[in-house]
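Peer 1: What follows is input.cif; its format and atoms are mmCIF, C-alpha atoms.
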```
data_upload
loop_
_atom_site.label_atom_id
_atom_site.label_comp_id
_atom_site.auth_asym_id
_atom_site.auth_seq_id
_atom_site.Cartn_x
_atom_site.Cartn_y
_atom_site.Cartn_z
CA MET T 1 0.00 0.00 0.00
CA ALA T 2 1.40 3.32 -1.03
CA PRO T 3 1.70 5.88 1.72
CA ALA T 4 -0.80 8.69 1.79
CA ARG T 5 -0.04 11.99 0.15
CA THR T 6 1.17 13.57 3.35
CA GLY T 7 3.31 10.55 4.08
CA ALA T 8 6.92 9.88 3.47
CA TRP T 9 8.37 13.04 2.10
CA GLU T 10 9.29 14.59 5.39
CA ASP T 11 10.98 11.45 6.66
CA ARG T 12 14.29 12.33 5.15
CA ASN T 13 16.78 13.14 7.77
CA GLN T 14 17.91 16.72 7.96
CA GLU T 15 21.47 15.72 8.67
CA ASN T 16 21.69 14.30 5.15
CA ALA T 17 23.36 16.38 2.50
CA LEU T 18 21.13 18.99 0.89
CA ALA T 19 19.32 18.20 -2.29
CA LYS T 20 20.96 18.54 -5.65
CA ILE T 21 19.04 21.07 -7.73
CA VAL T 22 18.91 20.32 -11.45
CA VAL T 23 17.40 22.75 -13.94
CA VAL T 24 16.08 21.50 -17.28
CA THR T 25 16.43 24.42 -19.66
CA SER T 26 16.84 25.28 -23.35
CA GLY T 27 15.87 28.83 -24.22
CA LYS T 28 13.82 27.67 -27.18
CA GLY T 29 10.34 26.27 -26.65
CA GLY T 30 9.07 22.93 -27.86
CA VAL T 31 12.39 21.12 -27.75
CA GLY T 32 11.40 18.67 -25.01
CA LYS T 33 12.09 20.35 -21.66
CA THR T 34 8.96 19.10 -19.96
CA THR T 35 9.27 15.64 -21.53
CA THR T 36 12.85 15.51 -20.27
CA SER T 37 11.98 16.88 -16.79
CA ALA T 38 9.22 14.31 -16.36
CA SER T 39 11.31 11.35 -17.49
CA PHE T 40 14.45 12.46 -15.70
CA ALA T 41 12.67 12.98 -12.37
CA THR T 42 10.79 9.71 -12.75
CA GLY T 43 14.01 7.89 -13.60
CA LEU T 44 15.73 9.22 -10.48
CA ALA T 45 12.78 8.13 -8.37
CA MET T 46 12.72 4.68 -10.00
CA ARG T 47 16.30 4.27 -8.84
CA GLY T 48 15.29 4.96 -5.28
CA HIS T 49 16.16 8.64 -5.02
CA LYS T 50 13.64 10.88 -3.40
CA THR T 51 12.87 13.41 -6.08
CA ALA T 52 10.64 16.42 -6.60
CA VAL T 53 9.94 18.02 -9.95
CA ILE T 54 8.75 21.64 -10.10
CA ASP T 55 6.99 23.34 -12.99
CA PHE T 56 8.26 26.93 -13.31
CA ASP T 57 6.04 27.79 -16.26
CA VAL T 58 3.51 29.98 -14.45
CA GLY T 59 0.43 30.56 -16.59
CA LEU T 60 1.25 27.74 -19.01
CA ARG T 61 1.62 24.72 -16.81
CA ASN T 62 1.98 21.38 -18.53
CA LEU T 63 4.17 19.19 -16.39
CA ASP T 64 1.07 18.00 -14.51
CA LEU T 65 -0.39 16.69 -17.80
CA ILE T 66 2.79 14.92 -18.82
CA MET T 67 3.03 13.36 -15.35
CA GLY T 68 -0.65 12.41 -15.44
CA CYS T 69 -1.61 14.21 -12.23
CA GLU T 70 -3.56 17.17 -13.65
CA ARG T 71 -6.71 16.23 -11.77
CA ARG T 72 -4.96 16.12 -8.44
CA VAL T 73 -3.59 19.67 -8.45
CA VAL T 74 -5.13 21.53 -5.53
CA PHE T 75 -2.37 23.93 -4.55
CA ASP T 76 0.56 25.05 -6.63
CA PHE T 77 4.04 26.56 -6.44
CA VAL T 78 2.74 30.14 -6.23
CA ASN T 79 0.38 29.22 -3.38
CA VAL T 80 3.36 27.91 -1.45
CA ILE T 81 5.50 30.96 -2.20
CA GLN T 82 2.74 33.27 -1.03
CA GLY T 83 2.02 31.26 2.08
CA GLU T 84 -1.49 30.23 1.02
CA ALA T 85 -0.59 26.56 1.29
CA THR T 86 2.14 24.52 2.88
CA LEU T 87 4.63 22.60 0.81
CA ARG T 88 3.13 19.40 2.11
CA GLN T 89 -0.32 20.39 0.87
CA ALA T 90 0.96 21.37 -2.56
CA LEU T 91 3.31 18.48 -3.33
CA ILE T 92 1.52 15.80 -5.30
CA LYS T 93 2.74 12.29 -4.65
CA ASP T 94 3.10 10.26 -7.82
CA LYS T 95 0.78 7.25 -7.96
CA GLN T 96 3.25 4.90 -9.63
CA HIS T 97 6.54 5.88 -8.08
CA GLU T 98 7.05 5.90 -4.37
CA ASN T 99 9.82 8.51 -4.28
CA LEU T 100 8.40 11.02 -6.72
CA TYR T 101 6.60 14.29 -6.00
CA ILE T 102 5.30 16.98 -8.32
CA LEU T 103 4.85 20.68 -7.62
CA ALA T 104 2.59 22.22 -10.24
CA ALA T 105 2.83 25.74 -11.60
CA SER T 106 -0.01 28.15 -11.12
CA GLN T 107 -2.25 28.34 -14.15
CA THR T 108 -4.07 31.54 -13.23
CA ARG T 109 -1.46 33.78 -11.69
CA ASP T 110 0.70 36.33 -13.36
CA LYS T 111 4.26 35.16 -13.83
CA ASP T 112 5.45 37.99 -11.57
CA ALA T 113 4.06 35.90 -8.73
CA LEU T 114 7.38 34.06 -8.75
CA THR T 115 9.89 36.03 -6.70
CA ALA T 116 13.57 35.31 -6.23
CA ASP T 117 13.10 35.32 -2.47
CA GLY T 118 10.07 33.09 -2.53
CA VAL T 119 11.60 30.54 -4.88
CA GLY T 120 14.74 30.48 -2.75
CA ARG T 121 12.77 29.87 0.42
CA VAL T 122 10.72 27.03 -1.06
CA LEU T 123 13.77 25.33 -2.58
CA GLU T 124 15.59 25.60 0.72
CA GLU T 125 12.72 23.97 2.54
CA MET T 126 12.46 21.25 -0.07
CA SER T 127 16.15 20.50 -0.09
CA LYS T 128 15.87 19.23 3.47
CA GLU T 129 13.51 16.52 2.33
CA PHE T 130 14.61 15.53 -1.14
CA GLU T 131 17.75 14.19 -2.76
CA TYR T 132 16.99 15.73 -6.11
CA ILE T 133 14.91 18.74 -7.11
CA VAL T 134 14.28 19.00 -10.85
CA CYS T 135 13.28 22.47 -12.07
CA ASP T 136 11.36 22.43 -15.35
CA SER T 137 12.14 25.83 -16.88
CA PRO T 138 9.75 27.73 -19.12
CA ALA T 139 10.96 28.68 -22.60
CA GLY T 140 12.64 32.03 -23.08
CA ILE T 141 15.16 33.82 -20.91
CA GLU T 142 12.76 35.96 -18.89
CA LYS T 143 11.96 35.84 -15.21
CA GLY T 144 10.57 32.30 -15.00
CA ALA T 145 13.53 30.83 -16.84
CA HIS T 146 15.93 32.93 -14.82
CA LEU T 147 14.46 31.80 -11.50
CA ALA T 148 14.37 28.16 -12.62
CA MET T 149 18.12 28.19 -13.27
CA TYR T 150 19.17 30.57 -10.51
CA HIS T 151 19.61 28.03 -7.70
CA ALA T 152 20.77 25.14 -9.86
CA ASP T 153 23.76 22.96 -9.10
CA GLU T 154 23.56 21.23 -12.46
CA ALA T 155 21.75 21.91 -15.73
CA LEU T 156 20.36 19.70 -18.45
CA VAL T 157 20.47 21.80 -21.60
CA VAL T 158 17.86 20.28 -23.90
CA THR T 159 18.69 20.89 -27.54
CA ASN T 160 17.30 19.79 -30.91
CA PRO T 161 19.72 19.27 -33.80
CA GLU T 162 18.47 22.40 -35.49
CA VAL T 163 19.96 25.90 -35.88
CA SER T 164 17.59 27.97 -33.74
CA SER T 165 17.64 25.50 -30.88
CA VAL T 166 21.43 25.25 -30.85
CA ARG T 167 21.83 29.02 -30.89
CA ASP T 168 19.35 29.43 -28.03
CA SER T 169 21.09 26.72 -26.04
CA ASP T 170 24.36 28.57 -26.43
CA ARG T 171 22.66 31.71 -25.14
CA VAL T 172 21.36 29.80 -22.14
CA LEU T 173 24.87 28.47 -21.45
CA GLY T 174 26.00 32.09 -21.26
CA LEU T 175 23.31 32.80 -18.66
CA LEU T 176 24.17 29.67 -16.67
CA SER T 177 27.74 30.88 -16.39
CA SER T 178 26.80 34.39 -15.25
CA LYS T 179 23.24 34.77 -13.92
CA THR T 180 23.09 31.99 -11.36
CA ARG T 181 23.66 31.88 -7.65
CA LYS T 182 26.79 29.81 -8.13
CA ALA T 183 28.22 32.26 -10.66
CA GLU T 184 27.32 35.33 -8.63
CA SER T 185 28.66 34.03 -5.35
CA GLY T 186 31.82 32.61 -6.90
CA ASP T 187 30.85 29.18 -5.56
CA GLY T 188 32.05 27.19 -8.56
CA ARG T 189 29.86 26.90 -11.60
CA VAL T 190 26.69 25.15 -12.68
CA LYS T 191 27.61 21.78 -14.15
CA GLU T 192 26.23 21.62 -17.68
CA HIS T 193 24.98 18.54 -19.52
CA LEU T 194 23.83 18.34 -23.12
CA VAL T 195 20.66 16.35 -23.80
CA LEU T 196 20.10 16.15 -27.54
CA THR T 197 16.46 15.33 -28.29
CA ARG T 198 14.39 14.56 -31.39
CA TYR T 199 17.44 13.09 -33.03
CA ASN T 200 16.84 11.45 -36.40
CA PRO T 201 19.85 9.32 -37.40
CA ALA T 202 18.50 8.62 -40.89
CA ARG T 203 18.38 12.34 -41.68
CA VAL T 204 21.81 12.84 -40.14
CA ALA T 205 23.17 10.12 -42.45
CA LYS T 206 21.70 11.97 -45.41
CA GLY T 207 23.32 15.24 -44.38
CA GLU T 208 19.95 16.79 -43.60
CA MET T 209 20.40 17.16 -39.86
CA LEU T 210 23.21 18.30 -37.57
CA SER T 211 24.96 15.30 -36.10
CA VAL T 212 25.54 14.78 -32.39
CA ASP T 213 29.23 15.56 -32.97
CA ASP T 214 28.35 18.81 -34.73
CA VAL T 215 26.23 19.96 -31.79
CA LYS T 216 28.83 18.86 -29.27
CA GLU T 217 31.51 20.76 -31.11
CA ILE T 218 29.47 23.96 -31.26
CA LEU T 219 28.16 23.97 -27.70
CA ALA T 220 31.31 22.45 -26.19
CA ILE T 221 29.63 20.86 -23.16
CA PRO T 222 29.62 17.18 -22.17
CA LEU T 223 26.95 15.01 -23.76
CA LEU T 224 24.64 13.29 -21.29
CA GLY T 225 22.43 11.58 -23.83
CA VAL T 226 20.78 11.50 -27.21
CA VAL T 227 17.05 10.87 -27.35
CA PRO T 228 15.82 9.79 -30.77
CA GLU T 229 12.75 11.30 -32.38
CA SER T 230 10.14 8.80 -31.28
CA GLN T 231 6.45 8.14 -31.62
CA ALA T 232 6.46 6.95 -28.04
CA VAL T 233 6.89 10.54 -26.77
CA LEU T 234 3.48 11.54 -28.11
CA THR T 235 1.70 8.35 -27.09
CA SER T 236 3.15 8.56 -23.59
CA SER T 237 2.06 12.18 -23.21
CA ASN T 238 -1.42 11.20 -24.45
CA ALA T 239 -1.61 8.76 -21.57
CA GLY T 240 0.06 10.99 -18.97
CA THR T 241 2.95 8.64 -18.28
CA PRO T 242 6.55 9.83 -18.62
CA VAL T 243 8.12 8.09 -21.62
CA ILE T 244 10.90 6.60 -19.46
CA VAL T 245 8.30 4.20 -18.05
CA ASP T 246 7.89 2.70 -21.55
CA LYS T 247 10.85 0.35 -21.58
CA ALA T 248 9.84 -0.98 -24.98
CA SER T 249 10.45 2.39 -26.62
CA ASP T 250 13.72 3.81 -27.91
CA ALA T 251 13.06 7.19 -26.24
CA GLY T 252 12.26 5.47 -22.93
CA LEU T 253 15.53 3.54 -23.04
CA ALA T 254 17.43 6.65 -24.05
CA TYR T 255 16.09 8.51 -20.99
CA ASP T 256 16.98 5.55 -18.81
CA ASP T 257 20.55 5.91 -20.10
CA VAL T 258 20.45 9.64 -19.36
CA VAL T 259 19.53 9.02 -15.73
CA ALA T 260 22.08 6.23 -15.33
CA ARG T 261 24.88 8.40 -16.74
CA PHE T 262 23.81 11.33 -14.59
CA LEU T 263 24.22 9.09 -11.56
CA GLY T 264 27.70 8.15 -12.67
CA GLU T 265 27.16 4.91 -14.55
CA GLU T 266 29.17 4.35 -17.73
CA ARG T 267 26.89 3.58 -20.64
CA ALA T 268 27.66 3.64 -24.35
CA HIS T 269 25.53 6.04 -26.38
CA ARG T 270 22.97 4.35 -28.61
CA PHE T 271 20.29 5.22 -31.17
CA LEU T 272 22.92 7.20 -33.06
CA THR T 273 22.66 5.29 -36.32
CA ALA T 274 19.68 4.56 -38.52
CA GLU T 275 18.28 1.06 -38.60
CA LYS T 276 19.36 -0.87 -41.66
CA LYS T 277 16.62 -1.16 -44.21
CA GLY T 278 15.77 -4.43 -45.89
CA LEU T 279 16.18 -4.98 -49.62
CA LEU T 280 12.70 -3.67 -50.43
CA GLY T 281 13.22 -0.66 -48.22
CA ARG T 282 16.43 0.19 -49.97
CA LEU T 283 14.89 -0.14 -53.42
CA PHE T 284 11.63 1.66 -52.79
CA GLY T 285 12.20 3.59 -49.59
CA PRO T 286 12.54 7.36 -49.45
CA MET H 1 21.72 -0.95 -54.70
CA ASP H 2 19.71 2.24 -54.37
CA TRP H 3 19.35 2.57 -58.15
CA LEU H 4 16.67 5.26 -57.96
CA LYS H 5 19.32 7.58 -56.59
CA PHE H 6 21.05 7.38 -59.93
CA PHE H 7 18.31 9.47 -61.50
CA ARG H 8 18.16 12.06 -58.79
CA SER H 9 20.40 15.03 -58.35
CA GLU H 10 22.72 14.72 -55.38
CA PRO H 11 21.07 16.46 -52.40
CA LYS H 12 23.01 19.27 -50.76
CA ASN H 13 24.54 18.65 -47.38
CA THR H 14 22.50 21.26 -45.53
CA ALA H 15 23.70 20.00 -42.14
CA ALA H 16 27.23 21.17 -42.97
CA LEU H 17 25.83 24.54 -43.94
CA ALA H 18 23.92 24.73 -40.64
CA LYS H 19 27.08 23.95 -38.74
CA GLU H 20 29.10 26.67 -40.44
CA ARG H 21 26.37 29.26 -39.88
CA LEU H 22 26.04 28.28 -36.24
CA LYS H 23 29.75 28.54 -35.61
CA VAL H 24 29.63 32.17 -36.73
CA VAL H 25 26.60 33.21 -34.66
CA VAL H 26 27.81 31.37 -31.61
CA ALA H 27 31.27 32.95 -31.82
CA HIS H 28 29.61 36.37 -31.91
CA GLN H 29 27.29 35.53 -29.07
CA ARG H 30 30.29 34.51 -26.98
CA ASP H 31 32.15 37.73 -27.64
CA GLY H 32 30.03 39.46 -25.06
CA ARG H 33 30.50 36.94 -22.30
CA SER H 34 33.22 35.22 -20.31
CA ASN H 35 35.51 37.77 -18.69
CA ALA H 36 36.66 39.48 -21.83
CA PRO H 37 37.79 43.08 -21.37
CA ALA H 38 35.07 45.69 -21.79
CA TYR H 39 36.87 47.46 -24.64
CA LEU H 40 36.67 44.45 -26.97
CA PRO H 41 33.40 45.37 -28.76
CA LYS H 42 34.65 48.93 -29.35
CA LEU H 43 38.00 47.67 -30.59
CA ARG H 44 36.18 45.39 -33.00
CA GLU H 45 34.07 48.28 -34.28
CA ASP H 46 37.14 50.44 -34.84
CA ILE H 47 39.01 47.72 -36.70
CA LEU H 48 35.95 47.07 -38.82
CA ALA H 49 35.81 50.77 -39.72
CA VAL H 50 39.49 50.78 -40.71
CA VAL H 51 39.13 47.65 -42.83
CA ARG H 52 36.15 49.20 -44.56
CA LYS H 53 38.23 52.12 -45.74
CA TYR H 54 39.82 49.65 -48.14
CA VAL H 55 37.52 46.64 -48.54
CA GLN H 56 33.77 46.25 -48.25
CA VAL H 57 33.21 43.57 -45.64
CA PRO H 58 30.13 42.43 -43.71
CA ASP H 59 29.72 43.08 -39.96
CA THR H 60 30.74 39.54 -39.22
CA ALA H 61 34.13 39.88 -40.94
CA VAL H 62 36.05 40.88 -37.83
CA ASN H 63 36.40 38.55 -34.86
CA VAL H 64 38.29 39.50 -31.75
CA HIS H 65 38.99 37.14 -28.87
CA VAL H 66 41.00 37.30 -25.71
CA GLN H 67 42.32 34.07 -24.29
CA ARG H 68 44.04 33.65 -20.98
CA GLU H 69 46.45 30.81 -20.53
CA ALA H 70 48.71 30.48 -17.53
CA GLY H 71 48.96 34.18 -16.82
CA LEU H 72 49.42 34.98 -20.48
CA GLU H 73 46.81 37.03 -22.29
CA VAL H 74 46.50 36.50 -26.02
CA LEU H 75 44.51 38.88 -28.21
CA GLU H 76 43.46 36.98 -31.27
CA MET H 77 41.96 38.74 -34.25
CA ASN H 78 40.48 37.30 -37.41
CA ILE H 79 39.52 39.35 -40.43
CA THR H 80 37.70 37.48 -43.14
CA LEU H 81 37.97 39.14 -46.55
CA PRO H 82 35.24 38.57 -49.10
CA GLU H 83 36.01 36.18 -51.93
CA MET H 84 37.18 37.96 -55.04
#
```
How does this structure look as C-alpha cells?

Peer 2:
Amino acid sequence: MAPARTGAWEDRNQENALAKIVVVTSGKGGVGKTTTSASFATGLAMRGHKTAVIDFDVGLRNLDLIMGCERRVVFDFVNVIQGEATLRQALIKDKQHENLYILAASQTRDKDALTADGVGRVLEEMSKEFEYIVCDSPAGIEKGAHLAMYHADEALVVTNPEVSSVRDSDRVLGLLSSKTRKAESGDGRVKEHLVLTRYNPARVAKGEMLSVDDVKEILAIPLLGVVPESQAVLTSSNAGTPVIVDKASDAGLAYDDVVARFLGEERAHRFLTAEKKGLLGRLFGP
Amino acid sequence: MDWLKFFRSEPKNTAALAKERLKVVVAHQRDGRSNAPAYLPKLREDILAVVRKYVQVPDTAVNVHVQREAGLEVLEMNITLPEM
C-alpha cells in the first residue's frame, strides 16, 4: 500500500546532504524540456532517489499533464511561495513511483508571482527533504527561466539538432555561467549537460540534420544523452505517463541511459545510427 | 543498390551549412561573455571601420577574442575578406 499523500516526504533526515538542484532548460520552446523533466525525475525516483519536480512555467503549466496528475492539483508553487498553502499540501505524490513528487505551476497567476526570495525559500525547505529537485524551466530567458536556473547545481540543456535550438542553447549556457547563484557568489559553476532530443539518425546520415558531434563541437559541453525522435513521446504524453516508463520504446531507453549516466554509470551512447533497411526498403524507400 | 538515386540530383549537405552558420553566430554571441575586457566590442568596431576604408566587408568579418592561458593574455583577431 502506497503511503498517503502527506506521508513519506518529510521522513528524510535533515542531517543528510542537501538536495541537488537540477534545472532543465533550453531557451527555445518545444524542444522537449517538460518531456525531459518528467522522465528524468521519474528515472531518479525509480532508482530509489527521493525526487521532486517543479513546474516553473507559471500561466502555461503542462508538467502535470505529462506526469498524469492534472486532476490532483489543488495547490501550486505560487500558493506555497505566497504562504497560502504549505509545501506538504501542494506536493503531489506520484501514484506509480514511491519517491516522486510533483509541484505544479499556477495556471491563473501572473508570472510575476514568482519572486527570487520566494523561490529560494521554497527550494531551501524542499532541499531538506529531497535528494533531487528537478526544475522544469519555461521557454525564453525571462523571469521564470531565470528563477528556474538561478539556484541550480547542475543543468540539463535540452537541444534539438536544429539551428535555432542550438543558438538558443548557447545563449542559455552564457546565462548559466553568469546569472546563477553559483556564478554570482563565486561558488564554482553550474555543471552543464547536453541532452540532444528529437534526433533522427536517418536524416543525419543523409546530411539533412546536424549530427551529435556537430552539436557537441558547437556547444562544447559534455553530452549526457541522445534521445531519438520517437512516436512513443506523443503516445506517452497522451496517456500521462513519462516516456521513461515505456521500456519498450527507444526514447524510454534513451532517458533511462540519461539518468544512469547522470548518476555516474558508464553507458555507451545508442540510437545514433539509422536502422538498416531491408532490400525492399532500400529499393523503394525514401 | 539504391538505383533510384542514380536518376536524382545529389542532395546538398545542408547540415554542414547549418554547422558553419552556427559557428559564426555562436562565436559572436560569446564575444560578449566570459571575462573578456570591456573594450573588446569597441576595438572590434574600430578595426571594422578601418578595414572598410579599403575593402567592403560584412559586420561579421572581424572577430576578436581574448584568451588567458597560464597568466598569459592573447589577443586573437580574425579578419575574413570577401572572396574575389

Peer 1: In Å to one decimal, how far is CA of Ala248 in chain T from CA of Ile54 in chain T?

Peer 2: 27.1 Å

Peer 1: Evaluated on this file, the PyMOL selection byres ((chain T) within 7 of (chain H)) picks out some residues - which ones are they, written as a list in words?

Peer 2: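 Taken on the displayed file, the PyMOL selection byres ((chain T) within 7 of (chain H)) yields the residues Val163, Arg167, Asp170, Gly174, Gly207, Glu208, Met209, Leu210, Asp214, Ile218, Arg282 and Leu283 of chain T.
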
Peer 1: For CA of Phe130 in chain T and CA of Ala52 in chain T, determine how far apart the two atoms are, in Å to one decimal place.

Peer 2: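 For CA of Phe130 in chain T relative to CA of Ala52 in chain T, the distance reads 6.8 Å.
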
Peer 1: Would you kindly return, as a list in words, each protein, DNA or RNA residue with an atom no farther than 9 Å from any atom of range 69-79 of chain H, considering all atoms listed in the file and excluding same-chain residues fewer than 5 positions away?

Peer 2: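 Non-adjacent residues within range: Arg44, Leu48, Val51, Thr60, Ala61, Val62, Asn63 and Val64 of chain H.
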
Peer 1: Work out how far CA of Val58 in chain T is from CA of Glu192 in chain T, in Å to one decimal.

Peer 2: 24.4 Å

Peer 1: If you apply the PyMOL selection byres ((chain T and resi 193-200) around 7) to this file, what residues do you get, as a ChimeraX atom specification?

Peer 2: /T:32,155-161,191-192,201-204,221-229

Peer 1: Restricting the calculation to all atoms listed in the file: of T:Ile133, T:Ala116, T:Leu263, T:Ala274, which residue gets closest to Leu18 in chain T?

Peer 2: T:Ile133

Peer 1: Please expand the PyMOL selection byres ((chain T and resi 119-124) around 9) into the concrete residues it hits in this file, giving the result as a PyMOL selection string.

Peer 2: chain T and resi 18-19+21+77-78+80-81+87+114-118+125-128+133+147-148+150-151

Peer 1: Leaving out Pro242 in chain T and any residue of its chain fewer than 2 positions from it, which residues lie within 9 Å of it when counting all atoms listed in the file, given as a PyMOL selection string?

Peer 2: chain T and resi 35-36+38-40+42+66-68+233+236-237+239-240+244-246+252

Peer 1: Go ahead and fit an axis-aligned box to every listed atom of range 230-247 of chain T plus 3 Å each side, and pass me the centre and edge lengths in Å, one decimal, as JSON.

Peer 2:
```
{"center_x": 4.6, "center_y": 6.3, "center_z": -24.8, "size_x": 18.5, "size_y": 17.8, "size_z": 19.6}
```
